[in-house]
Amino acid sequence: SIGVPVAIGAVAVIGLPRWLRTKFVPPQRDQPHVPEDVGLNAEEVWLTAVDGASLRAWHIPQPKPAPLLVVIHGWGGNASLMLPVGPILFEAGYSLLVLDARNHGGSDHTDHMSMPRFAQDIDVALDWAADLPDSLSLGLLGHSIGAGASILSCSRRSDLSAVVAVGAFSHPWELMREAPTIARMPR
């Protein structure tokens, strides 16, 4: 009967996207630091992601015009976990925008996250930072999937002076194959 293949197809069409979304839910980690904990004065700012979600970031400006670095965490991380590098970068003369990607830290939660969505959030942060009158130039510092997303974002922009990718994966397939929570995905 044709009904069985149609029913199986319908279950696959409806169920597969739902199942995939459950595989791409980042763990929620504690947010142990605020900028003041590491000796930095910050303003909490809220940016709007491409899907309308709110993105939390800490803007840590220099007292005079300076290059600005957008700092982005990895999968399951948050801006708080990136703050320990803040004093070093600030002392080196950089203003900072330390960002929580969607589904991380204080930012809104959406249906799923991916490396391209991290890059979208980075682009929103860079666009915001580019409008600041005291930003002499823009750069990125990303960790893990945030590093891969920083490279992706950089490949589509011409306004970046520097990108630092810490712990970026060499190829998305290797990441997918090795990640314990998603390693059971079909080829």
# chains A, B, ... in the order shown; residues from 1 in each chain; ligands from 1

call {"tool": "closest_atom_pairs", "arguments": {"of": "stretch 40-136 of chain A", "to": "stretch 154-158 of chain A", "cutoff": "10 Å", "atoms": "only C-alpha atoms", "output": "Markdown table"}}
result
| residue | atom | partner | partner_atom | distance |
| --- | --- | --- | --- | --- |
| A:Ala119 | CA | A:Cys154 | CA | 9.0 |
| A:Ile122 | CA | A:Cys154 | CA | 9.7 |
| A:Asp123 | CA | A:Arg157 | CA | 8.9 |
| A:Leu126 | CA | A:Arg157 | CA | 9.9 |

call {"tool": "write_last_selection", "arguments": {"atoms": "N, CA and C atoms", "output": "compact mmCIF listing (two decimals), in the first residue's frame"}}
result
# COMPACT_ATOMS: atom_id res chain seq x y z
N ALA A 119 28.48 33.06 13.48
CA ALA A 119 29.01 34.09 12.59
C ALA A 119 28.01 35.23 12.39
N ILE A 122 28.32 37.37 15.41
CA ILE A 122 29.56 38.14 15.32
C ILE A 122 29.38 39.33 14.38
N ASP A 123 28.74 39.09 13.24
CA ASP A 123 28.52 40.18 12.29
C ASP A 123 27.67 41.30 12.90
N LEU A 126 29.99 43.20 15.17
CA LEU A 126 30.93 44.02 14.40
C LEU A 126 30.24 45.23 13.79

call {"tool": "residues_around", "arguments": {"residues": "A:Glu36", "least_positions_apart": "6", "cutoff": "12 Å", "atoms": "only C-alpha atoms", "output": "list in words"}}
result
Ala42, Glu43, Glu44, Trp58, Ile60, Ser80, Leu83, Pro84, Gly86 and Pro87 of chain A

call {"tool": "write_last_selection", "arguments": {"atoms": "C-alpha atoms", "output": "PDB file, in the first residue's frame"}}
result
ATOM      1  CA  ALA A  42      31.980  47.649  31.327  1.00  0.00           C
ATOM      2  CA  GLU A  43      28.649  48.734  30.006  1.00  0.00           C
ATOM      3  CA  GLU A  44      26.131  45.960  29.359  1.00  0.00           C
ATOM      4  CA  TRP A  58      29.855  43.825  27.606  1.00  0.00           C
ATOM      5  CA  ILE A  60      34.724  47.774  27.646  1.00  0.00           C
ATOM      6  CA  SER A  80      31.908  35.435  31.334  1.00  0.00           C
ATOM      7  CA  LEU A  83      36.728  37.711  30.646  1.00  0.00           C
ATOM      8  CA  PRO A  84      40.052  36.441  32.076  1.00  0.00           C
ATOM      9  CA  GLY A  86      40.148  40.934  29.059  1.00  0.00           C
ATOM     10  CA  PRO A  87      42.697  42.699  31.292  1.00  0.00           C
TER      11      PRO A  87
END

call {"tool": "residues_around", "arguments": {"residues": "A:Leu47", "least_positions_apart": "4", "cutoff": "12 Å", "atoms": "only C-alpha atoms", "output": "PDB file with all heavy atoms, in the first residue's frame"}}
result
ATOM      1  N   ASP A  51      17.487  37.171  13.764  1.00  0.00           N
ATOM      2  CA  ASP A  51      16.148  36.604  13.972  1.00  0.00           C
ATOM      3  C   ASP A  51      15.352  37.371  15.028  1.00  0.00           C
ATOM      4  O   ASP A  51      14.280  36.937  15.436  1.00  0.00           O
ATOM      5  CB  ASP A  51      16.232  35.127  14.349  1.00  0.00           C
ATOM      6  CG  ASP A  51      16.934  34.876  15.678  1.00  0.00           C
ATOM      7  OD1 ASP A  51      17.401  35.847  16.320  1.00  0.00           O
ATOM      8  OD2 ASP A  51      17.015  33.708  16.088  1.00  0.00           O
ATOM      9  N   GLY A  52      15.877  38.512  15.470  1.00  0.00           N
ATOM     10  CA  GLY A  52      15.190  39.329  16.457  1.00  0.00           C
ATOM     11  C   GLY A  52      15.551  39.008  17.902  1.00  0.00           C
ATOM     12  O   GLY A  52      15.118  39.701  18.812  1.00  0.00           O
ATOM     13  N   ALA A  53      16.328  37.956  18.127  1.00  0.00           N
ATOM     14  CA  ALA A  53      16.751  37.597  19.488  1.00  0.00           C
ATOM     15  C   ALA A  53      17.670  38.688  20.034  1.00  0.00           C
ATOM     16  O   ALA A  53      18.366  39.375  19.288  1.00  0.00           O
ATOM     17  CB  ALA A  53      17.478  36.256  19.484  1.00  0.00           C
ATOM     18  N   SER A  54      17.675  38.818  21.366  1.00  0.00           N
ATOM     19  CA  SER A  54      18.551  39.782  22.026  1.00  0.00           C
ATOM     20  C   SER A  54      19.883  39.125  22.368  1.00  0.00           C
ATOM     21  O   SER A  54      19.917  38.015  22.902  1.00  0.00           O
ATOM     22  CB  SER A  54      17.903  40.306  23.301  1.00  0.00           C
ATOM     23  OG  SER A  54      16.771  41.078  22.994  1.00  0.00           O
ATOM     24  N   LEU A  55      20.960  39.832  22.043  1.00  0.00           N
ATOM     25  CA  LEU A  55      22.314  39.371  22.334  1.00  0.00           C
ATOM     26  C   LEU A  55      22.902  40.262  23.422  1.00  0.00           C
ATOM     27  O   LEU A  55      22.950  41.484  23.263  1.00  0.00           O
ATOM     28  CB  LEU A  55      23.206  39.465  21.091  1.00  0.00           C
ATOM     29  CG  LEU A  55      22.757  38.704  19.856  1.00  0.00           C
ATOM     30  CD1 LEU A  55      23.662  39.033  18.674  1.00  0.00           C
ATOM     31  CD2 LEU A  55      22.755  37.214  20.134  1.00  0.00           C
ATOM     32  N   ARG A  56      23.361  39.649  24.505  1.00  0.00           N
ATOM     33  CA  ARG A  56      24.018  40.422  25.561  1.00  0.00           C
ATOM     34  C   ARG A  56      25.502  40.521  25.266  1.00  0.00           C
ATOM     35  O   ARG A  56      26.135  39.554  24.827  1.00  0.00           O
ATOM     36  CB  ARG A  56      23.837  39.772  26.923  1.00  0.00           C
ATOM     37  CG  ARG A  56      24.475  40.658  28.022  1.00  0.00           C
ATOM     38  CD  ARG A  56      24.497  40.023  29.353  1.00  0.00           C
ATOM     39  NE  ARG A  56      25.446  38.903  29.327  1.00  0.00           N
ATOM     40  CZ  ARG A  56      25.692  38.145  30.381  1.00  0.00           C
ATOM     41  NH1 ARG A  56      25.068  38.367  31.518  1.00  0.00           N
ATOM     42  NH2 ARG A  56      26.531  37.146  30.303  1.00  0.00           N
ATOM     43  N   ALA A  57      26.052  41.689  25.514  1.00  0.00           N
ATOM     44  CA  ALA A  57      27.492  41.899  25.368  1.00  0.00           C
ATOM     45  C   ALA A  57      27.951  42.889  26.424  1.00  0.00           C
ATOM     46  O   ALA A  57      27.156  43.677  26.944  1.00  0.00           O
ATOM     47  CB  ALA A  57      27.825  42.417  23.981  1.00  0.00           C
ATOM     48  N   TRP A  58      29.230  42.834  26.738  1.00  0.00           N
ATOM     49  CA  TRP A  58      29.855  43.825  27.606  1.00  0.00           C
ATOM     50  C   TRP A  58      30.785  44.668  26.750  1.00  0.00           C
ATOM     51  O   TRP A  58      31.704  44.141  26.103  1.00  0.00           O
ATOM     52  CB  TRP A  58      30.635  43.161  28.733  1.00  0.00           C
ATOM     53  CG  TRP A  58      29.781  42.572  29.803  1.00  0.00           C
ATOM     54  CD1 TRP A  58      28.771  43.193  30.485  1.00  0.00           C
ATOM     55  CD2 TRP A  58      29.869  41.255  30.330  1.00  0.00           C
ATOM     56  NE1 TRP A  58      28.228  42.332  31.406  1.00  0.00           N
ATOM     57  CE2 TRP A  58      28.887  41.131  31.333  1.00  0.00           C
ATOM     58  CE3 TRP A  58      30.680  40.154  30.061  1.00  0.00           C
ATOM     59  CZ2 TRP A  58      28.701  39.970  32.074  1.00  0.00           C
ATOM     60  CZ3 TRP A  58      30.494  38.992  30.782  1.00  0.00           C
ATOM     61  CH2 TRP A  58      29.513  38.907  31.780  1.00  0.00           C
ATOM     62  N   HIS A  59      30.547  45.962  26.731  1.00  0.00           N
ATOM     63  CA  HIS A  59      31.417  46.893  26.015  1.00  0.00           C
ATOM     64  C   HIS A  59      32.388  47.483  27.035  1.00  0.00           C
ATOM     65  O   HIS A  59      31.975  48.053  28.049  1.00  0.00           O
ATOM     66  CB  HIS A  59      30.583  48.000  25.361  1.00  0.00           C
ATOM     67  CG  HIS A  59      31.410  48.994  24.629  1.00  0.00           C
ATOM     68  ND1 HIS A  59      31.168  50.345  24.694  1.00  0.00           N
ATOM     69  CD2 HIS A  59      32.478  48.841  23.802  1.00  0.00           C
ATOM     70  CE1 HIS A  59      32.049  50.981  23.952  1.00  0.00           C
ATOM     71  NE2 HIS A  59      32.849  50.084  23.404  1.00  0.00           N
ATOM     72  N   LEU A  97      34.463  44.202  23.041  1.00  0.00           N
ATOM     73  CA  LEU A  97      33.044  43.886  23.063  1.00  0.00           C
ATOM     74  C   LEU A  97      32.974  42.381  23.251  1.00  0.00           C
ATOM     75  O   LEU A  97      33.271  41.612  22.328  1.00  0.00           O
ATOM     76  CB  LEU A  97      32.343  44.315  21.771  1.00  0.00           C
ATOM     77  CG  LEU A  97      30.826  44.111  21.770  1.00  0.00           C
ATOM     78  CD1 LEU A  97      30.157  45.020  22.804  1.00  0.00           C
ATOM     79  CD2 LEU A  97      30.251  44.382  20.386  1.00  0.00           C
ATOM     80  N   VAL A  98      32.653  41.950  24.462  1.00  0.00           N
ATOM     81  CA  VAL A  98      32.653  40.528  24.814  1.00  0.00           C
ATOM     82  C   VAL A  98      31.205  40.050  24.711  1.00  0.00           C
ATOM     83  O   VAL A  98      30.333  40.502  25.443  1.00  0.00           O
ATOM     84  CB  VAL A  98      33.239  40.303  26.221  1.00  0.00           C
ATOM     85  CG1 VAL A  98      33.399  38.818  26.504  1.00  0.00           C
ATOM     86  CG2 VAL A  98      34.582  41.021  26.368  1.00  0.00           C
ATOM     87  N   LEU A  99      30.964  39.131  23.781  1.00  0.00           N
ATOM     88  CA  LEU A  99      29.628  38.783  23.322  1.00  0.00           C
ATOM     89  C   LEU A  99      29.169  37.408  23.785  1.00  0.00           C
ATOM     90  O   LEU A  99      29.952  36.461  23.786  1.00  0.00           O
ATOM     91  CB  LEU A  99      29.632  38.816  21.778  1.00  0.00           C
ATOM     92  CG  LEU A  99      28.372  38.429  21.031  1.00  0.00           C
ATOM     93  CD1 LEU A  99      27.282  39.474  21.255  1.00  0.00           C
ATOM     94  CD2 LEU A  99      28.681  38.297  19.531  1.00  0.00           C
ATOM     95  N   ASP A 100      27.897  37.316  24.145  1.00  0.00           N
ATOM     96  CA  ASP A 100      27.222  36.023  24.331  1.00  0.00           C
ATOM     97  C   ASP A 100      26.462  35.723  23.039  1.00  0.00           C
ATOM     98  O   ASP A 100      25.580  36.487  22.641  1.00  0.00           O
ATOM     99  CB  ASP A 100      26.183  36.095  25.462  1.00  0.00           C
ATOM    100  CG  ASP A 100      26.762  35.919  26.844  1.00  0.00           C
ATOM    101  OD1 ASP A 100      27.794  35.245  26.986  1.00  0.00           O
ATOM    102  OD2 ASP A 100      26.172  36.464  27.798  1.00  0.00           O
ATOM    103  N   ALA A 101      26.783  34.612  22.382  1.00  0.00           N
ATOM    104  CA  ALA A 101      26.029  34.193  21.201  1.00  0.00           C
ATOM    105  C   ALA A 101      24.630  33.750  21.633  1.00  0.00           C
ATOM    106  O   ALA A 101      24.386  33.467  22.815  1.00  0.00           O
ATOM    107  CB  ALA A 101      26.740  33.047  20.485  1.00  0.00           C
ATOM    108  N   ARG A 102      23.726  33.674  20.682  1.00  0.00           N
ATOM    109  CA  ARG A 102      22.386  33.152  20.988  1.00  0.00           C
ATOM    110  C   ARG A 102      22.506  31.781  21.635  1.00  0.00           C
ATOM    111  O   ARG A 102      23.405  31.011  21.328  1.00  0.00           O
ATOM    112  CB  ARG A 102      21.557  33.030  19.702  1.00  0.00           C
ATOM    113  CG  ARG A 102      21.015  34.351  19.199  1.00  0.00           C
ATOM    114  CD  ARG A 102      20.366  34.187  17.854  1.00  0.00           C
ATOM    115  NE  ARG A 102      21.413  34.057  16.834  1.00  0.00           N
ATOM    116  CZ  ARG A 102      21.167  33.844  15.549  1.00  0.00           C
ATOM    117  NH1 ARG A 102      19.930  33.701  15.115  1.00  0.00           N
ATOM    118  NH2 ARG A 102      22.161  33.753  14.682  1.00  0.00           N
ATOM    119  N   GLY A 106      23.789  35.235  28.740  1.00  0.00           N
ATOM    120  CA  GLY A 106      22.608  36.046  28.965  1.00  0.00           C
ATOM    121  C   GLY A 106      21.795  36.347  27.727  1.00  0.00           C
ATOM    122  O   GLY A 106      20.783  37.044  27.806  1.00  0.00           O
ATOM    123  N   SER A 107      22.214  35.848  26.570  1.00  0.00           N
ATOM    124  CA  SER A 107      21.481  36.106  25.331  1.00  0.00           C
ATOM    125  C   SER A 107      20.234  35.236  25.237  1.00  0.00           C
ATOM    126  O   SER A 107      20.124  34.215  25.921  1.00  0.00           O
ATOM    127  CB  SER A 107      22.371  35.869  24.112  1.00  0.00           C
ATOM    128  OG  SER A 107      23.388  36.848  24.048  1.00  0.00           O
ATOM    129  N   ASP A 108      19.309  35.659  24.376  1.00  0.00           N
ATOM    130  CA  ASP A 108      18.069  34.896  24.192  1.00  0.00           C
ATOM    131  C   ASP A 108      18.346  33.511  23.634  1.00  0.00           C
ATOM    132  O   ASP A 108      19.341  33.278  22.939  1.00  0.00           O
ATOM    133  CB  ASP A 108      17.142  35.626  23.209  1.00  0.00           C
ATOM    134  CG  ASP A 108      16.423  36.803  23.831  1.00  0.00           C
ATOM    135  OD1 ASP A 108      16.475  36.979  25.067  1.00  0.00           O
ATOM    136  OD2 ASP A 108      15.792  37.564  23.061  1.00  0.00           O
ATOM    137  N   GLN A 120      26.723  34.904  12.312  1.00  0.00           N
ATOM    138  CA  GLN A 120      25.705  35.960  12.216  1.00  0.00           C
ATOM    139  C   GLN A 120      25.770  36.869  13.440  1.00  0.00           C
ATOM    140  O   GLN A 120      25.690  38.098  13.311  1.00  0.00           O
ATOM    141  CB  GLN A 120      24.302  35.358  12.121  1.00  0.00           C
ATOM    142  CG  GLN A 120      23.976  34.701  10.821  1.00  0.00           C
ATOM    143  CD  GLN A 120      22.611  34.013  10.875  1.00  0.00           C
ATOM    144  OE1 GLN A 120      22.074  33.695  11.935  1.00  0.00           O
ATOM    145  NE2 GLN A 120      22.044  33.763   9.696  1.00  0.00           N
ATOM    146  N   ASP A 121      25.899  36.273  14.621  1.00  0.00           N
ATOM    147  CA  ASP A 121      25.960  37.067  15.845  1.00  0.00           C
ATOM    148  C   ASP A 121      27.225  37.921  15.876  1.00  0.00           C
ATOM    149  O   ASP A 121      27.200  39.079  16.310  1.00  0.00           O
ATOM    150  CB  ASP A 121      25.878  36.170  17.077  1.00  0.00           C
ATOM    151  CG  ASP A 121      24.521  35.475  17.215  1.00  0.00           C
ATOM    152  OD1 ASP A 121      23.571  35.829  16.482  1.00  0.00           O
ATOM    153  OD2 ASP A 121      24.418  34.560  18.061  1.00  0.00           O
ATOM    154  N   ILE A 122      28.323  37.373  15.414  1.00  0.00           N
ATOM    155  CA  ILE A 122      29.564  38.143  15.324  1.00  0.00           C
ATOM    156  C   ILE A 122      29.376  39.330  14.384  1.00  0.00           C
ATOM    157  O   ILE A 122      29.795  40.455  14.693  1.00  0.00           O
ATOM    158  CB  ILE A 122      30.726  37.237  14.852  1.00  0.00           C
ATOM    159  CG1 ILE A 122      31.113  36.259  15.953  1.00  0.00           C
ATOM    160  CG2 ILE A 122      31.931  38.072  14.414  1.00  0.00           C
ATOM    161  CD1 ILE A 122      32.037  35.145  15.505  1.00  0.00           C
ATOM    162  N   ASP A 123      28.741  39.094  13.244  1.00  0.00           N
ATOM    163  CA  ASP A 123      28.516  40.183  12.291  1.00  0.00           C
ATOM    164  C   ASP A 123      27.665  41.295  12.897  1.00  0.00           C
ATOM    165  O   ASP A 123      27.926  42.484  12.669  1.00  0.00           O
ATOM    166  CB  ASP A 123      27.871  39.663  11.011  1.00  0.00           C
ATOM    167  CG  ASP A 123      28.835  38.854  10.152  1.00  0.00           C
ATOM    168  OD1 ASP A 123      30.068  39.032  10.291  1.00  0.00           O
ATOM    169  OD2 ASP A 123      28.356  38.038   9.345  1.00  0.00           O
ATOM    170  N   VAL A 124      26.650  40.925  13.666  1.00  0.00           N
ATOM    171  CA  VAL A 124      25.827  41.930  14.351  1.00  0.00           C
ATOM    172  C   VAL A 124      26.707  42.756  15.299  1.00  0.00           C
ATOM    173  O   VAL A 124      26.612  43.985  15.343  1.00  0.00           O
ATOM    174  CB  VAL A 124      24.658  41.249  15.111  1.00  0.00           C
ATOM    175  CG1 VAL A 124      24.009  42.205  16.103  1.00  0.00           C
ATOM    176  CG2 VAL A 124      23.629  40.716  14.127  1.00  0.00           C
ATOM    177  N   ALA A 125      27.567  42.074  16.062  1.00  0.00           N
ATOM    178  CA  ALA A 125      28.455  42.778  17.000  1.00  0.00           C
ATOM    179  C   ALA A 125      29.436  43.686  16.260  1.00  0.00           C
ATOM    180  O   ALA A 125      29.672  44.825  16.679  1.00  0.00           O
ATOM    181  CB  ALA A 125      29.204  41.764  17.865  1.00  0.00           C
ATOM    182  N   LEU A 126      29.995  43.202  15.169  1.00  0.00           N
ATOM    183  CA  LEU A 126      30.932  44.022  14.396  1.00  0.00           C
ATOM    184  C   LEU A 126      30.245  45.234  13.790  1.00  0.00           C
ATOM    185  O   LEU A 126      30.812  46.335  13.782  1.00  0.00           O
ATOM    186  CB  LEU A 126      31.589  43.181  13.300  1.00  0.00           C
ATOM    187  CG  LEU A 126      32.624  42.163  13.771  1.00  0.00           C
ATOM    188  CD1 LEU A 126      32.972  41.199  12.647  1.00  0.00           C
ATOM    189  CD2 LEU A 126      33.880  42.865  14.295  1.00  0.00           C
ATOM    190  N   ASP A 127      29.037  45.049  13.283  1.00  0.00           N
ATOM    191  CA  ASP A 127      28.294  46.180  12.724  1.00  0.00           C
ATOM    192  C   ASP A 127      28.020  47.227  13.800  1.00  0.00           C
ATOM    193  O   ASP A 127      28.144  48.430  13.557  1.00  0.00           O
ATOM    194  CB  ASP A 127      26.987  45.716  12.081  1.00  0.00           C
ATOM    195  CG  ASP A 127      27.210  44.893  10.822  1.00  0.00           C
ATOM    196  OD1 ASP A 127      28.329  44.922  10.250  1.00  0.00           O
ATOM    197  OD2 ASP A 127      26.243  44.199  10.407  1.00  0.00           O
ATOM    198  N   TRP A 128      27.661  46.772  15.002  1.00  0.00           N
ATOM    199  CA  TRP A 128      27.420  47.688  16.111  1.00  0.00           C
ATOM    200  C   TRP A 128      28.704  48.442  16.455  1.00  0.00           C
ATOM    201  O   TRP A 128      28.707  49.662  16.609  1.00  0.00           O
ATOM    202  CB  TRP A 128      26.894  46.916  17.319  1.00  0.00           C
ATOM    203  CG  TRP A 128      26.576  47.771  18.505  1.00  0.00           C
ATOM    204  CD1 TRP A 128      25.396  48.413  18.765  1.00  0.00           C
ATOM    205  CD2 TRP A 128      27.442  48.072  19.603  1.00  0.00           C
ATOM    206  NE1 TRP A 128      25.490  49.101  19.963  1.00  0.00           N
ATOM    207  CE2 TRP A 128      26.734  48.915  20.492  1.00  0.00           C
ATOM    208  CE3 TRP A 128      28.763  47.715  19.921  1.00  0.00           C
ATOM    209  CZ2 TRP A 128      27.294  49.398  21.671  1.00  0.00           C
ATOM    210  CZ3 TRP A 128      29.319  48.199  21.099  1.00  0.00           C
ATOM    211  CH2 TRP A 128      28.585  49.030  21.957  1.00  0.00           C
ATOM    212  N   ALA A 129      29.806  47.694  16.566  1.00  0.00           N
ATOM    213  CA  ALA A 129      31.092  48.297  16.940  1.00  0.00           C
ATOM    214  C   ALA A 129      31.598  49.270  15.872  1.00  0.00           C
ATOM    215  O   ALA A 129      32.235  50.274  16.198  1.00  0.00           O
ATOM    216  CB  ALA A 129      32.119  47.201  17.202  1.00  0.00           C
TER     217      ALA A 129
END

call {"tool": "select_by_dssp", "arguments": {"residues": "stretch 14-139 of chain A", "states": "strand (DSSP E or B)", "output": "MDAnalysis selection string"}}
result
chainID A and resid 43:48 54:60 66:72 95:99 135:139

call {"tool": "residues_around", "arguments": {"residues": "A:Gly74", "least_positions_apart": "4", "cutoff": "6 Å", "atoms": "only C-alpha atoms", "output": "PDB file with N, CA, C and O atoms, in the first residue's frame"}}
result
ATOM      1  N   HIS A 143      37.092  31.706  20.237  1.00  0.00           N
ATOM      2  CA  HIS A 143      37.545  30.434  20.796  1.00  0.00           C
ATOM      3  C   HIS A 143      36.684  29.297  20.265  1.00  0.00           C
ATOM      4  O   HIS A 143      35.459  29.398  20.232  1.00  0.00           O
ATOM      5  N   SER A 144      37.325  28.210  19.833  1.00  0.00           N
ATOM      6  CA  SER A 144      36.660  26.985  19.410  1.00  0.00           C
ATOM      7  C   SER A 144      35.673  27.262  18.278  1.00  0.00           C
ATOM      8  O   SER A 144      36.066  27.762  17.224  1.00  0.00           O
ATOM      9  N   ILE A 145      34.394  26.947  18.462  1.00  0.00           N
ATOM     10  CA  ILE A 145      33.436  27.215  17.385  1.00  0.00           C
ATOM     11  C   ILE A 145      33.328  28.718  17.133  1.00  0.00           C
ATOM     12  O   ILE A 145      33.083  29.159  16.017  1.00  0.00           O
ATOM     13  N   GLY A 146      33.567  29.528  18.174  1.00  0.00           N
ATOM     14  CA  GLY A 146      33.631  30.972  17.983  1.00  0.00           C
ATOM     15  C   GLY A 146      34.804  31.374  17.107  1.00  0.00           C
ATOM     16  O   GLY A 146      34.738  32.353  16.363  1.00  0.00           O
TER      17      GLY A 146
END

call {"tool": "closest_residue", "arguments": {"among": "A:Pro116, A:Pro26, A:Gly39, A:Pro133", "to": "A:Phe90", "atoms": "only C-alpha atoms"}}
result
A:Gly39

call {"tool": "closest_residue", "arguments": {"among": "A:His104, A:His112, A:His73, A:Arg117", "to": "A:Ala165", "atoms": "only C-alpha atoms"}}
result
A:His73

call {"tool": "decode", "arguments": {"residues": "stretch 90-106 of chain A", "atoms": "N, CA and C atoms", "output": "short mmCIF file (atom, residue, chain, number, x, y, z; two decimals), in the first residue's frame"}}
result
data_model
loop_
_atom_site.label_atom_id
_atom_site.label_comp_id
_atom_site.auth_asym_id
_atom_site.auth_seq_id
_atom_site.Cartn_x
_atom_site.Cartn_y
_atom_site.Cartn_z
N PHE A 90 42.96 44.67 27.29
CA PHE A 90 42.70 46.07 27.62
C PHE A 90 44.01 46.80 27.88
N GLU A 91 44.92 46.19 28.64
CA GLU A 91 46.22 46.80 28.91
C GLU A 91 47.04 46.98 27.63
N ALA A 92 46.80 46.12 26.64
CA ALA A 92 47.49 46.25 25.35
C ALA A 92 46.91 47.37 24.50
N GLY A 93 45.82 48.00 24.98
CA GLY A 93 45.27 49.16 24.29
C GLY A 93 44.02 48.92 23.48
N TYR A 94 43.39 47.76 23.64
CA TYR A 94 42.18 47.45 22.89
C TYR A 94 40.92 47.76 23.69
N SER A 95 39.93 48.32 23.03
CA SER A 95 38.57 48.31 23.55
C SER A 95 38.01 46.93 23.24
N LEU A 96 37.03 46.48 24.03
CA LEU A 96 36.51 45.13 23.87
C LEU A 96 34.98 45.14 23.79
N LEU A 97 34.46 44.20 23.04
CA LEU A 97 33.04 43.89 23.06
C LEU A 97 32.97 42.38 23.25
N VAL A 98 32.65 41.95 24.46
CA VAL A 98 32.65 40.53 24.81
C VAL A 98 31.20 40.05 24.71
N LEU A 99 30.96 39.13 23.78
CA LEU A 99 29.63 38.78 23.32
C LEU A 99 29.17 37.41 23.79
N ASP A 100 27.90 37.32 24.14
CA ASP A 100 27.22 36.02 24.33
C ASP A 100 26.46 35.72 23.04
N ALA A 101 26.78 34.61 22.38
CA ALA A 101 26.03 34.19 21.20
C ALA A 101 24.63 33.75 21.63
N ARG A 102 23.73 33.67 20.68
CA ARG A 102 22.39 33.15 20.99
C ARG A 102 22.51 31.78 21.64
N ASN A 103 21.58 31.49 22.54
CA ASN A 103 21.54 30.22 23.29
C ASN A 103 22.70 30.07 24.27
N HIS A 104 23.41 31.13 24.56
CA HIS A 104 24.54 31.10 25.47
C HIS A 104 24.46 32.29 26.42
N GLY A 105 24.95 32.09 27.64
CA GLY A 105 25.04 33.17 28.61
C GLY A 105 23.73 33.91 28.80
N GLY A 106 23.79 35.24 28.74
CA GLY A 106 22.61 36.05 28.96
C GLY A 106 21.79 36.35 27.73
#
